[in-house]
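Contents: one structure, followed by commentary.
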Amino acid sequence: MERVATFEVLAPGILTTIQDLGRYGFSQFGVPPSGALDTFSYRVGNLLVGNKQGEASFETTIIGPKLKTLREVVIAITGGDLSPTLNGEPLEMWRTHLLVEGDIINFKKVRTGCRAYLAASGGLIFSQVMGSRSTYLSGKFGGLDGRALKKGDILFALDIRAPLSQLGFRFPGDWIPQFDKEALLRVIPGPQDHHFTEKGLQTLSSSFYRVTPQCDRMGVRLEGPKIERRSEVEESIISEGLIAGAIQVPGDGKPIIILTELVTGGYTKIAAVISTDLSKVAQLKPGDRVRFAPVSVEEAHQLLRGQEERLRTFMKTFER
Amino acid sequence: MPLYPQATFLLMGDRGLLLEFGDEISAEVNEKVRKMALAIQAEILEGIIEVVPTYRSLLVLYNPLIIPLEDLKRRLKQLEEGLKEISFPDPTLTKIPVLYGETFGPDLRKVAEYLHLTPEEVIRLHCSKPYFIYMIGFMPGFPYMGELPGALITPRLKTPRLSVPAGSVAIAQKQTGIYPVESPGGWQILGRSPVKLFNPEKEPPALLRMGDLVQFYPISEKEFHEWNSQTASSCAVCSATEDR
């Protein structure tokens with residue numbers, strides 16, 4: 001695959017990594033999926049610039065990077081609003097832009113959400129590790145040498161002409177997700193909901209929890225009312241698999257929402273956030289608040305169907 | 001009875017189905033988990049994204065828009081019923097060299113004292129039998145193995161270490177394990193192995209697999225240092241990623 005230098009990192013931001021849809025099939029070796037945390041925003045970015053949904057993009061956190069463009073490329077920025085700029089001027093999100101050599105992309109400060117995605121036409125090209133370009137930070141592999149971007153890094157994209165036909169595309173305003181400081185997260189109870197008392201289950205669905213500074217790509221620690229466990233039950237269980245969105249409740253009763261860089265765990269899980277609400281989890285930052293609302297799995301699947309139909313409808317707008 | 005006659009199904013969110021095969025850690029229950037995981041992989045069911053085998057349960061990640069939940073449950077029940085018909089490969093035994101004690105095994109003396117044994121006896125017991133690998137998890141390539149001889153059962157460290165060197169061979173309760181890379185660790189470190197347990201560039205990326213067997217044997221410090229240069233000269237790929 002021919003690749004060409006497309007961006008130079010002038011400043012790396014707080015945590016900017018290369019991510020795609022993640023690597024699956026390797027949990028039997030203890031390898032978690034990694035991948036973009038807000039997959040919805042990340043996928044829309046790729047669609048906007050004419051890429052396949054799973055091409056590698058930048059994922060950036062709170063304070064984004066300062067990038068110098070090295071050649072003509074079409075980009076789109078989606079996800080949380082980290083105040084992106086182009087040559088100092090505010091850059092509209094959720095739409096395509098043509099960048100030329102010398103253009104500077106920067107991010108000022110976080111307004112809403114926590115993570116933004118920058119998709120580049122052709123996709124970012126790095127060697128795949130176990131079938132994916134996603135960065136696994138603790139494992140130190142994948143993406144760009146298994147690490148966050150540093151000043152001086154050169155990023156490569158596929159050597160294709162900038163697709164000018166993508167210019168002018170916008171994601172419909174009605175469908176752009178809103179990331180509020182207070183998020184309502186819908187959850188499916190279990191698998192260890194029976195380890196908690198009625199009171200504990202009530203606490204989960206009626207309280208506000210605050211996002212602590214202990215949040216990263218492994219998980220989000222919450223502070224708030226202690227969730228009561230049945231007295232005869234231990235905090236630990238025989239280690240089992242985890243999914244992104246699973247809510248672990250260790251001995252101290254404070255929930256932790258798991259993200260994509262853990263594969264197995266030994267704490268009780270009271271519930272798990274539904275697929276369509278994982279984006280909201282990915283956009284949580286310290287100080288934000290969350291509430292949980294149990295829903296049925298049928299309802300969760302209906303919501304997922306609705307979301308995927310919306311994306312399919314959006315993709316059809318390109319087929320002209 | 002540790003092994004359930006039929007797996008129980010539990011939901012983990014709207015994309016996960018957790019199958020539980022028993023309620024304790026035993027080779028019998030674990031064998032069933034492993035066989036079920038292999039059967040699902042061989043079946044290549046459309047809509048199954050990931051399968052996470054652990055001690056006594058199997059987490060199946062699925063795409064509900066490709067395979068509806070009820071269909072998935074039905075297919076998995078059918079697969080479980082047909083497990084007896086399938087023949088599975090025999091476990092392989094891997095011999096793992098270990099440099100025990102001193103700086104490489106900082107907990108060896110304390111563990112020996114706690115167990116009222118000499119360090120040599122602890123080493124001999126640790127090497128005395130093959131261990132069954134229950135699962136690879138917690139971090140890439142980390143094998144959870146058991147059961148230790150009864151005389152070696154020791155609790156975890158009261159205060160976990162913030163950093164444990166790569167290759168550290170450790171024990172806790174009835175289990176033994178090896179840390180493939182540097183990481184925090186709460187187990188008792190008896191020694192260190194020069195063997196590379198995980199290489200993301202290789203296929204498969206992990207040296208050890210669930211259901212296989214491991215037996216430890218002691219080596220000298222000289223052999224430990226020579227091990228890396230020997231494998232490096234005979235394996236270009238290994239040496240390129242030696243410092244991962």
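Scheme for the structure tokens: letters A, B, ... for chains in order shown; per-chain residue numbers from 1; ligand numbers from 1 in order shown.
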
Quick one: which residues from chain A are at most 6 Å off chain B, using only C-alpha atoms, as a PDB file with N, CA and C atoms, in the first residue's frame?
ATOM      1  N   TYR A  24     -10.273  -7.773  16.966  1.00  0.00           N
ATOM      2  CA  TYR A  24     -11.112  -8.795  17.589  1.00  0.00           C
ATOM      3  C   TYR A  24     -10.613 -10.168  17.208  1.00  0.00           C
ATOM      4  N   GLY A  25     -10.796 -11.105  18.109  1.00  0.00           N
ATOM      5  CA  GLY A  25     -10.348 -12.473  17.853  1.00  0.00           C
ATOM      6  C   GLY A  25      -9.105 -12.810  18.647  1.00  0.00           C
ATOM      7  N   SER A  27      -8.743 -11.992  22.150  1.00  0.00           N
ATOM      8  CA  SER A  27      -8.927 -11.951  23.603  1.00  0.00           C
ATOM      9  C   SER A  27      -8.444 -13.251  24.226  1.00  0.00           C
ATOM     10  N   GLN A  28      -8.437 -14.335  23.445  1.00  0.00           N
ATOM     11  CA  GLN A  28      -7.936 -15.615  23.956  1.00  0.00           C
ATOM     12  C   GLN A  28      -6.446 -15.534  24.270  1.00  0.00           C
ATOM     13  N   PHE A  29      -5.780 -14.501  23.767  1.00  0.00           N
ATOM     14  CA  PHE A  29      -4.364 -14.283  24.073  1.00  0.00           C
ATOM     15  C   PHE A  29      -4.195 -13.132  25.056  1.00  0.00           C
ATOM     16  N   GLY A  30      -5.303 -12.640  25.602  1.00  0.00           N
ATOM     17  CA  GLY A  30      -5.228 -11.545  26.564  1.00  0.00           C
ATOM     18  C   GLY A  30      -5.116 -10.180  25.905  1.00  0.00           C
ATOM     19  N   VAL A  31      -5.472 -10.076  24.629  1.00  0.00           N
ATOM     20  CA  VAL A  31      -5.360  -8.811  23.906  1.00  0.00           C
ATOM     21  C   VAL A  31      -6.735  -8.154  23.779  1.00  0.00           C
ATOM     22  N   ILE A 188     -28.286  -2.384  30.505  1.00  0.00           N
ATOM     23  CA  ILE A 188     -28.922  -3.687  30.688  1.00  0.00           C
ATOM     24  C   ILE A 188     -28.396  -4.222  32.018  1.00  0.00           C
ATOM     25  N   PRO A 191     -24.212  -8.939  34.325  1.00  0.00           N
ATOM     26  CA  PRO A 191     -24.616 -10.282  34.713  1.00  0.00           C
ATOM     27  C   PRO A 191     -24.624 -10.595  36.208  1.00  0.00           C
ATOM     28  N   GLU A 240     -13.841 -13.193  34.423  1.00  0.00           N
ATOM     29  CA  GLU A 240     -14.569 -13.489  33.198  1.00  0.00           C
ATOM     30  C   GLU A 240     -14.365 -12.348  32.210  1.00  0.00           C
ATOM     31  N   GLY A 241     -14.858 -12.514  30.989  1.00  0.00           N
ATOM     32  CA  GLY A 241     -14.672 -11.511  29.952  1.00  0.00           C
ATOM     33  C   GLY A 241     -15.396 -10.209  30.267  1.00  0.00           C
ATOM     34  N   THR A 264     -10.333  -9.032  30.567  1.00  0.00           N
ATOM     35  CA  THR A 264     -11.010  -9.844  31.579  1.00  0.00           C
ATOM     36  C   THR A 264     -10.971  -9.092  32.896  1.00  0.00           C
ATOM     37  N   ALA A 272     -24.548  -3.087  32.185  1.00  0.00           N
ATOM     38  CA  ALA A 272     -23.658  -2.678  31.096  1.00  0.00           C
ATOM     39  C   ALA A 272     -24.381  -1.659  30.229  1.00  0.00           C
ATOM     40  N   ILE A 274     -25.683   0.316  27.065  1.00  0.00           N
ATOM     41  CA  ILE A 274     -26.072  -0.219  25.752  1.00  0.00           C
ATOM     42  C   ILE A 274     -25.216   0.383  24.643  1.00  0.00           C
ATOM     43  N   VAL A 297     -33.338  -5.468  26.716  1.00  0.00           N
ATOM     44  CA  VAL A 297     -32.419  -5.717  25.612  1.00  0.00           C
ATOM     45  C   VAL A 297     -33.121  -5.497  24.272  1.00  0.00           C
TER      46      VAL A 297
END

Picked from segment 87-280 of chain A by DSSP as strand (DSSP E or B), as a ChimeraX atom specification: /A:89-90,95-99,104-107,112-120,124,129,132,136,141,154-158,170,182-189,196,209-215,219-223,229,236-241,246-248,256-258,264-267,269-273

Selection: 10 Å around segment 306-319 of chain A, only C-alpha atoms, excl. self and same-chain fewer than 5 positions, as a PDB file with N, CA and C atoms, in the first residue's frame:
ATOM      1  N   PHE A  40     -19.296   5.852  16.878  1.00  0.00           N
ATOM      2  CA  PHE A  40     -20.256   6.539  16.011  1.00  0.00           C
ATOM      3  C   PHE A  40     -19.608   7.757  15.367  1.00  0.00           C
ATOM      4  N   ARG A  43     -16.827   6.779  12.919  1.00  0.00           N
ATOM      5  CA  ARG A  43     -17.302   6.220  11.643  1.00  0.00           C
ATOM      6  C   ARG A  43     -17.848   7.328  10.733  1.00  0.00           C
ATOM      7  N   VAL A  44     -18.594   8.269  11.320  1.00  0.00           N
ATOM      8  CA  VAL A  44     -19.154   9.358  10.509  1.00  0.00           C
ATOM      9  C   VAL A  44     -18.027  10.153   9.858  1.00  0.00           C
ATOM     10  N   LEU A  47     -16.852   8.326   6.822  1.00  0.00           N
ATOM     11  CA  LEU A  47     -17.830   8.374   5.732  1.00  0.00           C
ATOM     12  C   LEU A  47     -17.778   9.733   5.037  1.00  0.00           C
ATOM     13  N   LEU A  48     -17.675  10.797   5.837  1.00  0.00           N
ATOM     14  CA  LEU A  48     -17.643  12.154   5.275  1.00  0.00           C
ATOM     15  C   LEU A  48     -16.506  12.320   4.263  1.00  0.00           C
ATOM     16  N   GLY A  50     -15.094  10.088   2.520  1.00  0.00           N
ATOM     17  CA  GLY A  50     -15.108   9.092   1.445  1.00  0.00           C
ATOM     18  C   GLY A  50     -14.357   7.823   1.756  1.00  0.00           C
ATOM     19  N   SER A 165     -14.715  15.482  -4.724  1.00  0.00           N
ATOM     20  CA  SER A 165     -16.152  15.190  -4.785  1.00  0.00           C
ATOM     21  C   SER A 165     -16.776  15.098  -3.393  1.00  0.00           C
ATOM     22  N   GLN A 166     -15.944  14.925  -2.344  1.00  0.00           N
ATOM     23  CA  GLN A 166     -16.476  14.838  -0.972  1.00  0.00           C
ATOM     24  C   GLN A 166     -16.723  16.212  -0.364  1.00  0.00           C
ATOM     25  N   PHE A 169     -19.984  17.956   1.833  1.00  0.00           N
ATOM     26  CA  PHE A 169     -20.825  17.034   2.601  1.00  0.00           C
ATOM     27  C   PHE A 169     -20.830  17.413   4.074  1.00  0.00           C
ATOM     28  N   ARG A 170     -22.010  17.356   4.639  1.00  0.00           N
ATOM     29  CA  ARG A 170     -22.192  17.635   6.070  1.00  0.00           C
ATOM     30  C   ARG A 170     -23.019  16.508   6.665  1.00  0.00           C
ATOM     31  N   PHE A 171     -22.772  16.178   7.917  1.00  0.00           N
ATOM     32  CA  PHE A 171     -23.636  15.219   8.592  1.00  0.00           C
ATOM     33  C   PHE A 171     -24.877  15.985   9.052  1.00  0.00           C
ATOM     34  N   PRO A 172     -26.088  15.482   8.798  1.00  0.00           N
ATOM     35  CA  PRO A 172     -27.307  16.228   9.139  1.00  0.00           C
ATOM     36  C   PRO A 172     -27.319  16.688  10.592  1.00  0.00           C
ATOM     37  N   TRP A 175     -28.896  14.797  13.450  1.00  0.00           N
ATOM     38  CA  TRP A 175     -28.314  13.520  13.836  1.00  0.00           C
ATOM     39  C   TRP A 175     -26.999  13.673  14.582  1.00  0.00           C
ATOM     40  N   SER A 275     -25.146  -0.292  23.501  1.00  0.00           N
ATOM     41  CA  SER A 275     -24.270   0.086  22.387  1.00  0.00           C
ATOM     42  C   SER A 275     -24.422   1.541  21.971  1.00  0.00           C
ATOM     43  N   THR A 276     -25.677   1.991  21.804  1.00  0.00           N
ATOM     44  CA  THR A 276     -25.872   3.342  21.284  1.00  0.00           C
ATOM     45  C   THR A 276     -25.431   4.414  22.274  1.00  0.00           C
ATOM     46  N   ALA A 300     -32.880  -1.871  23.561  1.00  0.00           N
ATOM     47  CA  ALA A 300     -31.502  -1.538  23.189  1.00  0.00           C
ATOM     48  C   ALA A 300     -31.245  -1.903  21.734  1.00  0.00           C
ATOM     49  N   HIS A 301     -31.730  -3.069  21.316  1.00  0.00           N
ATOM     50  CA  HIS A 301     -31.520  -3.505  19.941  1.00  0.00           C
ATOM     51  C   HIS A 301     -32.291  -2.624  18.965  1.00  0.00           C
TER      52      HIS A 301
ATOM     53  N   LEU B  65     -27.726  -7.147  15.028  1.00  0.00           N
ATOM     54  CA  LEU B  65     -28.390  -6.830  13.764  1.00  0.00           C
ATOM     55  C   LEU B  65     -28.056  -7.871  12.696  1.00  0.00           C
TER      56      LEU B  65
END

Best match for closeness to His225 of chain B among B:Leu79, B:Val98, B:Ile86, B:Leu38, counting only C-alpha atoms: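 Smallest distance to His225 of chain B is found for B:Val98.
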
Two-atom distance - atom CA of Arg95 of chain A, atom CA of Thr17 of chain A (Å):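 Here the two named atoms are 21.5 Å from each other.
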
Shell around Leu115 of chain B at 12 Å using only C-alpha atoms, local window under 5 positions removed, as a list in words: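 Non-adjacent residues within range: Leu108, Arg109, Lys110, Glu121, Val122, Leu125, Pro149, Gly150, Ala151, Leu152, Ile153, Thr154 and Pro155 of chain B.
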
So that I have them on file, write out the residues from the current selection with C-alpha atoms, as a PDB file, in the first residue's frame.
ATOM      1  CA  LEU B 108      11.516 -16.858  47.330  1.00  0.00           C
ATOM      2  CA  ARG B 109      13.052 -16.661  50.817  1.00  0.00           C
ATOM      3  CA  LYS B 110       9.967 -15.156  52.474  1.00  0.00           C
ATOM      4  CA  GLU B 121      12.376 -27.352  48.454  1.00  0.00           C
ATOM      5  CA  VAL B 122      10.131 -24.574  47.146  1.00  0.00           C
ATOM      6  CA  LEU B 125       7.984 -28.412  44.420  1.00  0.00           C
ATOM      7  CA  PRO B 149       1.086 -28.592  45.147  1.00  0.00           C
ATOM      8  CA  GLY B 150      -0.725 -28.015  48.464  1.00  0.00           C
ATOM      9  CA  ALA B 151       2.553 -27.359  50.268  1.00  0.00           C
ATOM     10  CA  LEU B 152       3.115 -24.214  48.151  1.00  0.00           C
ATOM     11  CA  ILE B 153      -0.162 -22.393  48.751  1.00  0.00           C
ATOM     12  CA  THR B 154       0.711 -18.798  49.701  1.00  0.00           C
ATOM     13  CA  PRO B 155      -1.433 -15.658  49.821  1.00  0.00           C
TER      14      PRO B 155
END

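The spacing separating atom CA of Gly168 of chain A from atom CA of Val73 of chain A amounts to 14.2 Å.
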
Would you mind listing what lies within 10 Å of Gly22 of chain A as a tab-separated table (two decimals) with N, CA and C atoms, in the first residue's frame, with only C-alpha atoms counted and same-chain residues fewer than 3 positions away left out?
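Generated file (selection13.tsv):
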chain	number	residue	atom	x	y	z
A	19	GLN	N	-6.43	5.30	15.91
A	19	GLN	CA	-7.41	4.26	16.25
A	19	GLN	C	-8.21	3.89	15.01
A	32	PRO	N	-6.91	-6.96	24.36
A	32	PRO	CA	-8.22	-6.29	24.29
A	32	PRO	C	-8.42	-5.64	22.93
A	33	PRO	N	-9.64	-5.20	22.60
A	33	PRO	CA	-9.88	-4.66	21.25
A	33	PRO	C	-9.26	-3.29	20.98
A	34	SER	N	-9.09	-2.45	22.01
A	34	SER	CA	-8.69	-1.05	21.78
A	34	SER	C	-9.67	-0.46	20.77
A	35	GLY	N	-9.23	0.47	19.93
A	35	GLY	CA	-10.13	1.06	18.94
A	35	GLY	C	-10.75	2.37	19.39
A	36	ALA	N	-11.37	3.06	18.46
A	36	ALA	CA	-12.01	4.35	18.75
A	36	ALA	C	-13.06	4.16	19.83
A	37	LEU	N	-13.07	5.03	20.85
A	37	LEU	CA	-14.01	4.86	21.95
A	37	LEU	C	-15.41	5.34	21.57
A	39	THR	N	-17.28	5.19	18.67
A	39	THR	CA	-17.24	4.64	17.32
A	39	THR	C	-18.20	5.36	16.37
A	54	GLY	N	-13.93	1.81	8.55
A	54	GLY	CA	-12.92	1.32	9.50
A	54	GLY	C	-11.50	1.81	9.24
A	56	ALA	N	-8.11	4.01	9.64
A	56	ALA	CA	-7.52	4.59	10.85
A	56	ALA	C	-7.62	6.11	10.83
A	130	MET	N	-2.06	-7.57	14.36
A	130	MET	CA	-3.25	-8.41	14.56
A	130	MET	C	-4.45	-7.81	13.85
A	131	GLY	N	-4.23	-7.45	12.59
A	131	GLY	CA	-5.34	-7.01	11.75
A	131	GLY	C	-5.89	-5.62	12.02
A	132	SER	N	-5.23	-4.82	12.84
A	132	SER	CA	-5.79	-3.50	13.16
A	132	SER	C	-4.69	-2.46	13.34
A	133	ARG	N	-5.05	-1.20	13.07
A	133	ARG	CA	-4.10	-0.10	13.28
A	133	ARG	C	-4.36	0.61	14.61
A	134	SER	N	-5.22	0.04	15.43
A	134	SER	CA	-5.52	0.68	16.71
A	134	SER	C	-4.34	0.61	17.66
A	135	THR	N	-4.18	1.64	18.48
A	135	THR	CA	-3.10	1.72	19.44
A	135	THR	C	-3.54	1.08	20.75
A	136	TYR	N	-2.76	0.12	21.24
A	136	TYR	CA	-3.02	-0.48	22.54
A	136	TYR	C	-1.94	0.07	23.46
A	142	GLY	N	0.70	-1.36	18.16
A	142	GLY	CA	-0.41	-0.90	17.34
A	142	GLY	C	-0.34	0.60	17.09
A	260	THR	N	-12.24	0.11	26.35
A	260	THR	CA	-11.81	-0.93	25.43
A	260	THR	C	-10.42	-1.54	25.67

Spatial neighbours of Ile96 of chain B, 8 Å, only C-alpha atoms, chain gap at least 6 places, as number ranges by chain: B: 193, 195, 214-217

Please save N, CA and C atoms of the selected residues as a JSON list (two decimals), in the first residue's frame.
[["chain", "number", "residue", "atom", "x", "y", "z"],
["B", 193, "SER", "N", 11.95, -15.85, 34.01],
["B", 193, "SER", "CA", 12.19, -16.67, 32.83],
["B", 193, "SER", "C", 12.63, -15.80, 31.67],
["B", 195, "VAL", "N", 12.23, -16.59, 28.60],
["B", 195, "VAL", "CA", 11.41, -16.91, 27.42],
["B", 195, "VAL", "C", 10.46, -15.77, 27.08],
["B", 214, "VAL", "N", 2.26, -26.53, 31.19],
["B", 214, "VAL", "CA", 3.56, -25.90, 31.37],
["B", 214, "VAL", "C", 4.28, -26.60, 32.51],
["B", 215, "GLN", "N", 5.57, -26.88, 32.30],
["B", 215, "GLN", "CA", 6.38, -27.38, 33.41],
["B", 215, "GLN", "C", 7.62, -26.53, 33.51],
["B", 216, "PHE", "N", 7.94, -26.11, 34.73],
["B", 216, "PHE", "CA", 9.09, -25.24, 34.96],
["B", 216, "PHE", "C", 10.33, -26.08, 35.24],
["B", 217, "TYR", "N", 11.51, -25.56, 34.88],
["B", 217, "TYR", "CA", 12.76, -26.18, 35.30],
["B", 217, "TYR", "C", 13.78, -25.08, 35.60]]
